[in-house]
Amino acid sequence: MAQARRIGEQGRYELIEEIESGGMGTDWRGYDAVLDREIAVKIIRPDVVATPAQAEEFTRRFEREARVTARIGHHGVPQVFDAVLDEASYDRLYLVMEYVRGVSLRRVLTGAEDGAAVRLPVSWAASIAAQICTVLSYAHAIPVVHRDLKPDNVLIAADGTVKVLDFGIAKLLGTDVTKLTATGSRIGTSRYMPPEQIDCAQITPLSDLYALGCVLHELLAGEPVFSGDTDYQLLHQHMDVPPTPLRALRPEVPEDLEVLALDLLAKAPEQRPVDAYAVYERLSPHLPQPGSAADPVALADDGSLSEAPDPTLVYRQPNAPLRRTTVPAPSPESAAPVPVPARVDTALRDTIKDAYVRSADLAETGRFAQAADVLKAAIVTVATALGAHNPRVLGLRRQRAAVLMAGEDFRRALPEFDALAAIYVRTAGPSSKNALECRRHAAHCRANLGQATAALREFQAVLEVVSDAAGDASATALDLRRSIGVLLFSEGRRAEAEGVLDALHEDMCIVLGEDHEETREIADLLARLHRPEGPGLS
């Protein structure tokens, strides 16, 4: 496997995969090796810097995006973590930003792979537009104008939070910098461009509201405001053609939302709502109330939109905790078994070996999240070649779950151990080593997630199988008994804990000896239990 590209001091930022490449630069998904977190890195493309003037322009745009994004200070804008702006070396111009996992609003609107239009429920459209208003209100207060608001620059994160991306061509008002292109050409996207931007007139926060009107119309109508085949036609329509009222396209749209969309799409800026907050107030009646049920979503033929995060969650369940992990997440074992090839080629063996080596090296330095990501990539590759139930695939999955657990990411490790345990029980039997190991690790995760009752039940069930096969004094049985005793102790069930730990201590003295470290640890626990007012387990 090729060596990952590293940038930053001492190679702090590791670039994992290219996300997209544009005229200005290339966006990468990567990792911060110091903080062990996913990041997005935007790097200027050296090949586009042909003249000093272009170099100066790109430097200014990078500096502008770094400063603007950092100044907005709202969770609806990905955070900037670092900015390197070295004018002496234009291949060292890059931004390090928050990496957001989510779905592009463009993807939501197109729905199916064939581009079939999707009309969103009113609550979805209002929730998306209202969250955009919140971001714009923070930006406009600086004041900053986005200048290229469109579905492609809006992302819905997994928790339903709307993120507004790419403030790279934003204009800071109150400065003498009015254009960021050497030629003075328009910046923006013709399908969402306000008349004053087309006419190269004064750009204000009201210009963003026009683009928001285009987005709101598309959310509710399932099609853009204007649909010219060329940029010229689109620009002409924005300048001179009145938009079609929403209710003429979709009669069930509330009348006040139709009026709001038309107000936002007014040709003259002064005829639009006064600011983003005013738009938010007019959207408020259509936002779902806390505790309300989700509105059904009209799915595309292939059902792909079912995977889109729900933007109403932030209103229906504000500040909701993470969802419970008691139900195992979907995993590859649900698919029908794929025949396993008789041989594994050299490239595949190298992929597997490299994944184990790289993940081990990363985990050794405390970079558990990245180690798990390395294994996940290998799992996809190997499962495609060998099938989801191949022992090599299951081994990689088991290693990934162990890495997650070692990094104390018990919430993600638990469903994977549960899924693996189910596979091993079905394919190798409930008393197989791998099945018991995965069940034991799952119980450990539950204990650390505060699910003490379920964890005890799982530990005891595994102990029964192990004791029947190898006796109460086997290494695995001793470890299980210790886990049960400690968990009972931490739950304040002192009498039960004392009974388990007393018997365990006697067996450990025989098997390991009184002076063994683990035996002394149990003796210390018993001493604390025997105190009348013993403190809780620290």
# chains A, B, ... in the order shown; residues from 1 in each chain; ligands from 1
call {"tool": "residues_around", "arguments": {"residues": "Arg493 of chain A", "least_positions_apart": "6", "cutoff": "12 Å", "atoms": "only C-alpha atoms", "output": "list of chain:residue names"}}
result
A:Ala452, A:Thr453, A:Leu456, A:Ile484, A:Gly485, A:Val486, A:Leu487, A:Gly499, A:Val500, A:Leu529, A:Gly536, A:Leu537
call {"tool": "residues_around", "arguments": {"residues": "Arg119 of chain A", "least_positions_apart": "3", "cutoff": "6 Å", "atoms": "only C-alpha atoms", "output": "number ranges by chain"}}
result
A: 220-222
call {"tool": "residues_around", "arguments": {"residues": "Gly25 of chain A", "least_positions_apart": "6", "cutoff": "6 Å", "atoms": "only C-alpha atoms", "output": "VMD selection string"}}
result
chain A and resid 43 to 45
call {"tool": "closest_residue", "arguments": {"among": "A:Tyr356, A:Tyr138, A:Tyr232, A:Tyr210", "to": "Lys150 of chain A", "atoms": "only C-alpha atoms"}}
result
A:Tyr210
call {"tool": "atom_distance", "arguments": {"atom1": "atom CA of Ala355 of chain A", "atom2": "atom CA of Glu20 of chain A"}}
result
24.9 Å
call {"tool": "closest_residue", "arguments": {"among": "A:Tyr31, A:Phe167, A:Phe226, A:Tyr13", "to": "Arg71 of chain A", "atoms": "only C-alpha atoms"}}
result
A:Phe167
call {"tool": "closest_residue", "arguments": {"among": "A:Asp231, A:Asp240, A:Glu498, A:Glu281", "to": "Ala266 of chain A", "atoms": "only C-alpha atoms"}}
result
A:Asp240
call {"tool": "closest_residue", "arguments": {"among": "A:His236, A:Lys376, A:His75, A:Arg107", "to": "Lys163 of chain A", "atoms": "only C-alpha atoms"}}
result
A:His75
call {"tool": "residues_around", "arguments": {"residues": "Ala461 of chain A", "least_positions_apart": "4", "cutoff": "10 Å", "atoms": "only C-alpha atoms", "output": "PyMOL selection string"}}
result
chain A and resi 436+439-440+455-457+465-466
call {"tool": "closest_residue", "arguments": {"among": "A:Val68, A:Leu35, A:Leu206, A:Ala447", "to": "Ile142 of chain A", "atoms": "only C-alpha atoms"}}
result
A:Val68
call {"tool": "closest_residue", "arguments": {"among": "A:Pro243, A:Gly213, A:Pro195, A:Pro224", "to": "Val279 of chain A", "atoms": "only C-alpha atoms"}}
result
A:Gly213
call {"tool": "residues_around", "arguments": {"residues": "Pro309 of chain A", "least_positions_apart": "5", "cutoff": "12 Å", "atoms": "only C-alpha atoms", "output": "PyMOL selection string"}}
result
chain A and resi 101-105+107-108+124+128+155-162+294+297+304+314
call {"tool": "write_last_selection", "arguments": {"atoms": "N, CA, C and O atoms", "output": "mmCIF file, in the first residue's frame"}}
result
data_model
loop_
_atom_site.group_PDB
_atom_site.id
_atom_site.type_symbol
_atom_site.label_atom_id
_atom_site.label_comp_id
_atom_site.auth_asym_id
_atom_site.auth_seq_id
_atom_site.Cartn_x
_atom_site.Cartn_y
_atom_site.Cartn_z
ATOM 1 N N ARG A 101 -19.396 14.295 8.702
ATOM 2 C CA ARG A 101 -20.026 13.161 8.024
ATOM 3 C C ARG A 101 -21.505 13.468 7.856
ATOM 4 O O ARG A 101 -22.205 13.742 8.818
ATOM 5 N N GLY A 102 -21.952 13.441 6.640
ATOM 6 C CA GLY A 102 -23.348 13.763 6.393
ATOM 7 C C GLY A 102 -23.692 13.573 4.927
ATOM 8 O O GLY A 102 -22.948 12.947 4.163
ATOM 9 N N VAL A 103 -24.826 14.130 4.541
ATOM 10 C CA VAL A 103 -25.336 13.988 3.179
ATOM 11 C C VAL A 103 -25.531 15.381 2.594
ATOM 12 O O VAL A 103 -26.124 16.262 3.239
ATOM 13 N N SER A 104 -25.037 15.591 1.390
ATOM 14 C CA SER A 104 -25.218 16.865 0.717
ATOM 15 C C SER A 104 -26.704 17.113 0.448
ATOM 16 O O SER A 104 -27.454 16.195 0.093
ATOM 17 N N LEU A 105 -27.110 18.367 0.606
ATOM 18 C CA LEU A 105 -28.499 18.710 0.293
ATOM 19 C C LEU A 105 -28.789 18.440 -1.177
ATOM 20 O O LEU A 105 -29.910 18.068 -1.535
ATOM 21 N N ARG A 107 -27.696 15.913 -2.835
ATOM 22 C CA ARG A 107 -27.989 14.478 -2.901
ATOM 23 C C ARG A 107 -29.409 14.202 -2.404
ATOM 24 O O ARG A 107 -30.117 13.358 -2.948
ATOM 25 N N VAL A 108 -29.832 14.918 -1.395
ATOM 26 C CA VAL A 108 -31.191 14.736 -0.882
ATOM 27 C C VAL A 108 -32.204 15.165 -1.933
ATOM 28 O O VAL A 108 -33.225 14.495 -2.151
ATOM 29 N N TRP A 124 -39.488 19.428 6.734
ATOM 30 C CA TRP A 124 -38.088 19.274 6.344
ATOM 31 C C TRP A 124 -37.581 20.561 5.689
ATOM 32 O O TRP A 124 -36.507 21.044 6.014
ATOM 33 N N ILE A 128 -34.617 22.917 7.260
ATOM 34 C CA ILE A 128 -33.362 23.183 6.558
ATOM 35 C C ILE A 128 -33.174 24.674 6.355
ATOM 36 O O ILE A 128 -32.112 25.240 6.659
ATOM 37 N N LEU A 155 -24.791 20.829 3.872
ATOM 38 C CA LEU A 155 -24.637 19.430 4.277
ATOM 39 C C LEU A 155 -25.530 19.172 5.479
ATOM 40 O O LEU A 155 -25.610 20.007 6.389
ATOM 41 N N ILE A 156 -26.217 18.029 5.489
ATOM 42 C CA ILE A 156 -27.003 17.625 6.650
ATOM 43 C C ILE A 156 -26.207 16.547 7.381
ATOM 44 O O ILE A 156 -25.989 15.458 6.859
ATOM 45 N N ALA A 157 -25.750 16.884 8.580
ATOM 46 C CA ALA A 157 -24.947 15.957 9.372
ATOM 47 C C ALA A 157 -25.828 14.845 9.929
ATOM 48 O O ALA A 157 -27.059 14.905 9.869
ATOM 49 N N ALA A 158 -25.185 13.831 10.478
ATOM 50 C CA ALA A 158 -25.907 12.639 10.933
ATOM 51 C C ALA A 158 -26.963 12.951 11.983
ATOM 52 O O ALA A 158 -27.983 12.264 12.073
ATOM 53 N N ASP A 159 -26.753 13.989 12.808
ATOM 54 C CA ASP A 159 -27.721 14.330 13.846
ATOM 55 C C ASP A 159 -28.778 15.309 13.364
ATOM 56 O O ASP A 159 -29.574 15.805 14.158
ATOM 57 N N GLY A 160 -28.810 15.597 12.049
ATOM 58 C CA GLY A 160 -29.805 16.508 11.500
ATOM 59 C C GLY A 160 -29.362 17.957 11.459
ATOM 60 O O GLY A 160 -30.105 18.810 10.956
ATOM 61 N N THR A 161 -28.165 18.248 11.965
ATOM 62 C CA THR A 161 -27.661 19.616 11.931
ATOM 63 C C THR A 161 -27.271 20.000 10.510
ATOM 64 O O THR A 161 -26.599 19.250 9.814
ATOM 65 N N VAL A 162 -27.708 21.174 10.096
ATOM 66 C CA VAL A 162 -27.369 21.683 8.775
ATOM 67 C C VAL A 162 -26.065 22.468 8.857
ATOM 68 O O VAL A 162 -25.901 23.330 9.720
ATOM 69 N N ALA A 294 -41.990 12.412 13.555
ATOM 70 C CA ALA A 294 -41.357 12.762 12.285
ATOM 71 C C ALA A 294 -42.386 12.708 11.169
ATOM 72 O O ALA A 294 -43.294 11.875 11.159
ATOM 73 N N VAL A 297 -41.342 10.934 4.621
ATOM 74 C CA VAL A 297 -40.578 11.498 3.512
ATOM 75 C C VAL A 297 -40.908 10.723 2.246
ATOM 76 O O VAL A 297 -40.906 9.497 2.247
ATOM 77 N N SER A 304 -33.463 5.514 -1.840
ATOM 78 C CA SER A 304 -32.177 5.996 -1.340
ATOM 79 C C SER A 304 -32.322 7.111 -0.325
ATOM 80 O O SER A 304 -31.466 7.279 0.532
ATOM 81 N N VAL A 314 -33.381 18.410 15.178
ATOM 82 C CA VAL A 314 -32.881 19.458 16.078
ATOM 83 C C VAL A 314 -34.019 20.249 16.697
ATOM 84 O O VAL A 314 -33.835 20.916 17.725
#
call {"tool": "residues_around", "arguments": {"residues": "segment 503-517 of chain A", "least_positions_apart": "4", "cutoff": "8 Å", "atoms": "only C-alpha atoms", "output": "NGL selection string"}}
result
:A and (473 or 478 or 481-482 or 499 or 521-523)
call {"tool": "select_by_dssp", "arguments": {"residues": "segment 274-515 of chain A", "states": "alpha helix (DSSP H)", "output": "ChimeraX atom specification"}}
result
/A:276-283,313-316,346-364,368-386,391-406,410-428,433-448,452-470,475-490,494-511
call {"tool": "atom_distance", "arguments": {"atom1": "atom CA of Leu235 of chain A", "atom2": "atom CA of Leu109 of chain A"}}
result
22.1 Å
